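This report concerns only the one structure given below.
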Amino acid sequence: MNNLAYLKAIQLLHDVASPNGFLASAENTSNYKRVWARDGVICGLSALASGDEKLIETFKKTLQTLANNQHQVGTIPSNVLISDDKNEVSYGGLAGRVDAVTWFVIGICQYAFYKKDVDFVAQYDLEIEKCLALLDAWEFNNKHLLYVPLSGNWADEYITDGYTLYDQLLRVWALKSYNYFAKSDLIALKINDITQQIESNFLPNSNGEKYHERAYHEMKFNDFMPCSFSPSGYKTNFDAFANSLVVLLNIGSAEFQDKIVNYSLSLASETKLGLLPAFWPPIFETDEHWNLLKNNCKYEFRNFPYEFHNGGSWSMVNGFFGLALHSKSKTDETIAILEKINYANAINEYSFYENFNTNTQEPNGVAFCAWSAAAAVLVHQSIYTNFKILV
């Protein structure tokens with residue numbers, strides 16, 4: 001199955017390869033027939049993993065499209081529509097998308113690393129420096145952690161806001177990727193400062209300054225880092241994407257990373273699809289944050305319990321969990337996650353659904369979703385060709 005699933009995933013990536021970059025889906029859904037920053041870069045990483053020159057060229061076009069539409073203050077588009085009739089650039093809907101900026105920087109550097117092309121990074125130095133300056137501004141208090149609005153990242157209809165773990169980690173990854181080429185002592189110092197603040201505020205029994213001293217000491221920590229905190233306190237739900245990045249980027253002690261891995265494997269094994277839910281546990285109508293969740297949607301409510309961000313399972317998220325497992329030489333576990341991703345992607349004759357109801361296994365969201373295919377390619381190539389991203 002792995003070989004067939006891989007070929008189907010590659011074919012879907014070809015189907016979404018447009019002259020201006022990767023589209024989010026091959027399905028004729030208007031908002032997905034666009035070049036998206038995070039989707040495009042994740043598809044681009046899988047293109048590099050595949051070694052397919054046409055897909056790699058599409059990744060390059062994705063980055064060019066994003067750079068060409070960077071806002072004058074440095075914001076990278078959440079998505080771009082380019083057609084014969086009109087061009088539309090979105091920097092976010094109800095709130096701007098912070099992670100578009102970090103994914104763009106990661107994408108430029110990953111492409112250059114794969115191509116061994118220092119000049120490619122130099123070509124976008126101005127755009128990257130504007131991104132980094134904007135990220136500095138988004139700290140607001142100059143204390144090294146980004147402050148992210150509700151709806152400010154990929155989980156745009158979920159409850160995370162403020163100091164979101166996911167966005168801090170993407171920033172560390174972006175800075176590390178850029179500093180592979182820039183070799184700046186100032187950037188190295190900034191990476192260290194951000195990492196220290198992550199460990200101080202998201203790890204139990206940690207040293208260092210706490211942003212929210214009372215809330216930190218009142219919280220009961222689990223075997224993973226909480227998803228976010230703000231002036232109102234911590235939200236302690238498990239964020240599978242963020243905690244996979246914790247492991248991939250080697251944040252915190254090896255012992256705590258092992259706890260994250262063990263918790264994640266245990267949680268995945270308890271679901272019907274064998275996949276990690278994006279966030280866990282689900283939020284129900286009787287829970288404290290239900291009204292926040294219910295009202296955080298622009299068009300229609302999708303975050304029913306066990307679905308979408310509210311406990312739904314995404315192939316894309318599990319792709320990064322697979323990369324995290326592989327980075328810790330857990331080959332058998334990585335193969336097992338790949339098989340589960342391939343099984344999910346194959347439902348309804350390889351429809352590559354966006355996500356699934358974790359309780360019923362029913363598909364949700366858009367079909368022929370490009371980053372669902374990208375997840376399979378990334379994990380497959382990490383196992384069978386030892387492909388490595390720059391971290």
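Identifiers for the structure tokens are assigned positionally: chains receive A, B, ... in sequence, residues are indexed from 1 per chain, and ligands are indexed from 1 in the order shown.
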Original post:
region 102-115 of chain A: which residues within 9 Å, counting only C-alpha atoms, same-chain residues fewer than 6 positions away excluded, as an MDAnalysis selection string?
Top reply: chainID A and resid 37:38 40:42 44:45 48 56 59:60 63 66:67 76 121 124 127:128 131:132 135 167 170:178 180:181 389:390
Please tabulate, as a Markdown table, the residues of region 295-353 of chain A that come within 7 Å of region 273-280 of chain A, each with its closest pair of atoms and the distance in Å to one decimal, counting only C-alpha atoms and ordering rows by chain, then residue number upward.
```
| residue | atom | partner | partner_atom | distance |
| --- | --- | --- | --- | --- |
| A:His309 | CA | A:Ala278 | CA | 5.9 |
| A:Asn310 | CA | A:Phe279 | CA | 6.1 |
| A:Gly311 | CA | A:Phe279 | CA | 5.1 |
| A:Gly312 | CA | A:Pro277 | CA | 5.2 |
| A:Ser313 | CA | A:Pro277 | CA | 4.3 |
| A:Trp314 | CA | A:Ala278 | CA | 6.5 |
| A:Val317 | CA | A:Ala278 | CA | 6.6 |
| A:Asn318 | CA | A:Leu276 | CA | 6.3 |
| A:Lys340 | CA | A:Gly274 | CA | 6.1 |
```
Original post:
Quick one: residues within 10 Å of Thr385 (chain A), only C-alpha atoms counted, chain neighbours fewer than 5 positions away excluded, as a PyMOL selection string?
Top reply: chain A and resi 49-50+379-380
**OP:** Give me the residues within 12 Å of Leu245 (chain A) as a PyMOL selection string, counting only C-alpha atoms and dropping any in the same chain fewer than 6 places off.
**Re:** chain A and resi 165-173+224-225+239+251-252+257+260-261+317-325+327+391
Could you dump the residues just selected with N, CA, C and O atoms as a CSV table (one decimal), in the first residue's frame?
```csv
chain,number,residue,atom,x,y,z
A,165,LEU,N,2.0,28.3,21.6
A,165,LEU,CA,3.2,27.5,21.5
A,165,LEU,C,3.7,27.3,20.0
A,165,LEU,O,4.8,27.4,19.7
A,166,TYR,N,2.7,26.9,19.2
A,166,TYR,CA,3.0,26.6,17.8
A,166,TYR,C,3.8,27.8,17.1
A,166,TYR,O,4.8,27.5,16.4
A,167,ASP,N,3.3,29.0,17.3
A,167,ASP,CA,3.9,30.1,16.6
A,167,ASP,C,5.3,30.5,17.2
A,167,ASP,O,6.2,30.9,16.4
A,168,GLN,N,5.5,30.2,18.5
A,168,GLN,CA,6.9,30.5,19.0
A,168,GLN,C,7.9,29.5,18.4
A,168,GLN,O,9.0,29.8,18.0
A,169,LEU,N,7.4,28.2,18.2
A,169,LEU,CA,8.3,27.2,17.6
A,169,LEU,C,8.6,27.4,16.2
A,169,LEU,O,9.7,27.2,15.7
A,170,LEU,N,7.6,27.9,15.4
A,170,LEU,CA,7.8,28.2,14.0
A,170,LEU,C,8.8,29.3,13.9
A,170,LEU,O,9.6,29.3,13.0
A,171,ARG,N,8.7,30.3,14.8
A,171,ARG,CA,9.7,31.4,14.7
A,171,ARG,C,11.1,30.9,15.0
A,171,ARG,O,12.1,31.3,14.3
A,172,VAL,N,11.3,30.0,16.0
A,172,VAL,CA,12.6,29.4,16.2
A,172,VAL,C,13.1,28.7,15.0
A,172,VAL,O,14.3,28.8,14.6
A,173,TRP,N,12.2,27.9,14.4
A,173,TRP,CA,12.6,27.1,13.2
A,173,TRP,C,13.0,28.1,12.0
A,173,TRP,O,14.0,27.9,11.4
A,224,PHE,N,3.1,17.1,28.2
A,224,PHE,CA,3.3,17.8,26.9
A,224,PHE,C,3.2,19.3,27.3
A,224,PHE,O,2.9,19.6,28.4
A,225,MET,N,3.6,20.1,26.4
A,225,MET,CA,3.5,21.6,26.6
A,225,MET,C,2.1,22.0,26.3
A,225,MET,O,1.5,21.6,25.3
A,239,ASP,N,-1.7,20.3,21.8
A,239,ASP,CA,-1.6,20.7,20.4
A,239,ASP,C,-0.6,19.8,19.8
A,239,ASP,O,0.6,19.8,20.0
A,251,ILE,N,13.5,21.1,21.7
A,251,ILE,CA,13.2,22.1,22.7
A,251,ILE,C,13.0,21.3,24.0
A,251,ILE,O,12.3,20.4,24.1
A,252,GLY,N,13.6,21.8,25.1
A,252,GLY,CA,13.4,21.2,26.4
A,252,GLY,C,14.4,20.0,26.5
A,252,GLY,O,15.1,19.6,25.6
A,257,GLN,N,10.9,15.5,26.1
A,257,GLN,CA,10.6,15.1,24.7
A,257,GLN,C,10.1,13.7,24.6
A,257,GLN,O,9.1,13.3,23.9
A,260,ILE,N,6.5,13.6,25.7
A,260,ILE,CA,5.7,14.0,24.6
A,260,ILE,C,5.4,12.9,23.6
A,260,ILE,O,4.3,12.6,23.2
A,261,VAL,N,6.5,12.2,23.2
A,261,VAL,CA,6.4,11.1,22.2
A,261,VAL,C,5.5,10.0,22.8
A,261,VAL,O,4.6,9.5,22.1
A,317,VAL,N,-1.1,17.1,10.1
A,317,VAL,CA,-0.5,17.2,11.4
A,317,VAL,C,0.3,15.9,11.7
A,317,VAL,O,1.4,16.0,12.3
A,318,ASN,N,-0.3,14.8,11.4
A,318,ASN,CA,0.4,13.5,11.7
A,318,ASN,C,1.6,13.3,10.8
A,318,ASN,O,2.5,12.6,11.2
A,319,GLY,N,1.7,14.0,9.7
A,319,GLY,CA,3.0,14.0,9.0
A,319,GLY,C,4.1,14.6,9.8
A,319,GLY,O,5.2,14.1,9.8
A,320,PHE,N,3.8,15.7,10.5
A,320,PHE,CA,4.9,16.3,11.3
A,320,PHE,C,5.2,15.5,12.5
A,320,PHE,O,6.3,15.4,13.0
A,321,PHE,N,4.2,14.8,13.0
A,321,PHE,CA,4.4,13.8,14.1
A,321,PHE,C,5.3,12.7,13.6
A,321,PHE,O,6.3,12.3,14.3
A,322,GLY,N,5.1,12.3,12.4
A,322,GLY,CA,6.0,11.2,11.8
A,322,GLY,C,7.4,11.7,11.7
A,322,GLY,O,8.3,11.0,12.0
A,323,LEU,N,7.6,13.0,11.3
A,323,LEU,CA,8.9,13.5,11.2
A,323,LEU,C,9.6,13.6,12.5
A,323,LEU,O,10.8,13.3,12.7
A,324,ALA,N,8.8,14.0,13.5
A,324,ALA,CA,9.3,14.0,14.9
A,324,ALA,C,9.8,12.6,15.4
A,324,ALA,O,10.8,12.5,16.0
A,325,LEU,N,8.9,11.6,15.1
A,325,LEU,CA,9.3,10.3,15.5
A,325,LEU,C,10.6,9.8,14.8
A,325,LEU,O,11.5,9.2,15.4
A,327,SER,N,13.0,11.7,13.7
A,327,SER,CA,14.1,12.4,14.2
A,327,SER,C,14.7,11.8,15.5
A,327,SER,O,15.8,12.0,15.9
A,391,VAL,N,16.7,21.8,10.3
A,391,VAL,CA,16.2,22.2,11.6
A,391,VAL,C,17.3,22.7,12.5
A,391,VAL,O,18.5,22.4,12.3
```
**OP:** Write down as an MDAnalysis selection string the residues belonging to region 89-309 of chain A that are assigned alpha helix (DSSP H) by DSSP computed on the backbone.
**Re:** chainID A and resid 98:115 118:123 125:137 165:182 185:202 213:218 240:248 254:269 290:295
**OP:** Can you pull out every residue within 8 Å of Pro77 (chain A), counting only C-alpha atoms, but drop anything in the same chain fewer than 5 positions away, and send it as a list in words?
**Re:**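 Everything that qualifies: Trp36, Ala37, Leu66, Asn69, Gln70, His71, Val89, Ser90, Tyr91, Gly92, Ala100 and Val101 of chain A.
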Subject >> Near-Tyr216 (chain A) list (10 Å; only C-alpha atoms; drop same-chain fewer than 6 positions) as a PyMOL selection string >> reply: chain A and resi 200-205+210+229+233-234
Emit the selected residues as a compact mmCIF listing (two decimals), in the first residue's frame, including C-alpha atoms.
```txt
# COMPACT_ATOMS: atom_id res chain seq x y z
CA SER A 200 10.46 28.92 31.16
CA ASN A 201 6.77 29.36 30.36
CA PHE A 202 5.70 26.04 28.82
CA LEU A 203 7.74 23.46 30.75
CA PRO A 204 6.94 22.34 34.32
CA ASN A 205 9.32 23.19 37.17
CA LYS A 210 7.44 33.63 34.01
CA PHE A 229 -1.43 31.28 27.45
CA GLY A 233 -4.26 32.29 31.96
CA TYR A 234 -3.25 29.04 30.27
```
For Pro19 (chain A): contacts at 9 Å, only C-alpha atoms, fewer than 6 positions along chain excluded, given as a short mmCIF file (atom, residue, chain, number, x, y, z; two decimals) with N, CA, C and O atoms, in the first residue's frame:
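Contents of part_20.cif, as written:
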```cif
data_model
loop_
_atom_site.label_atom_id
_atom_site.label_comp_id
_atom_site.auth_asym_id
_atom_site.auth_seq_id
_atom_site.Cartn_x
_atom_site.Cartn_y
_atom_site.Cartn_z
N THR A 58 7.58 24.16 -8.82
CA THR A 58 6.33 24.74 -8.33
C THR A 58 6.53 25.34 -6.94
O THR A 58 5.93 26.38 -6.61
N LYS A 61 8.02 28.69 -7.42
CA LYS A 61 7.00 29.65 -7.87
C LYS A 61 6.10 30.07 -6.71
O LYS A 61 5.67 31.23 -6.64
N THR A 62 5.81 29.14 -5.82
CA THR A 62 5.03 29.47 -4.62
C THR A 62 5.72 30.56 -3.82
O THR A 62 5.10 31.56 -3.42
#
```
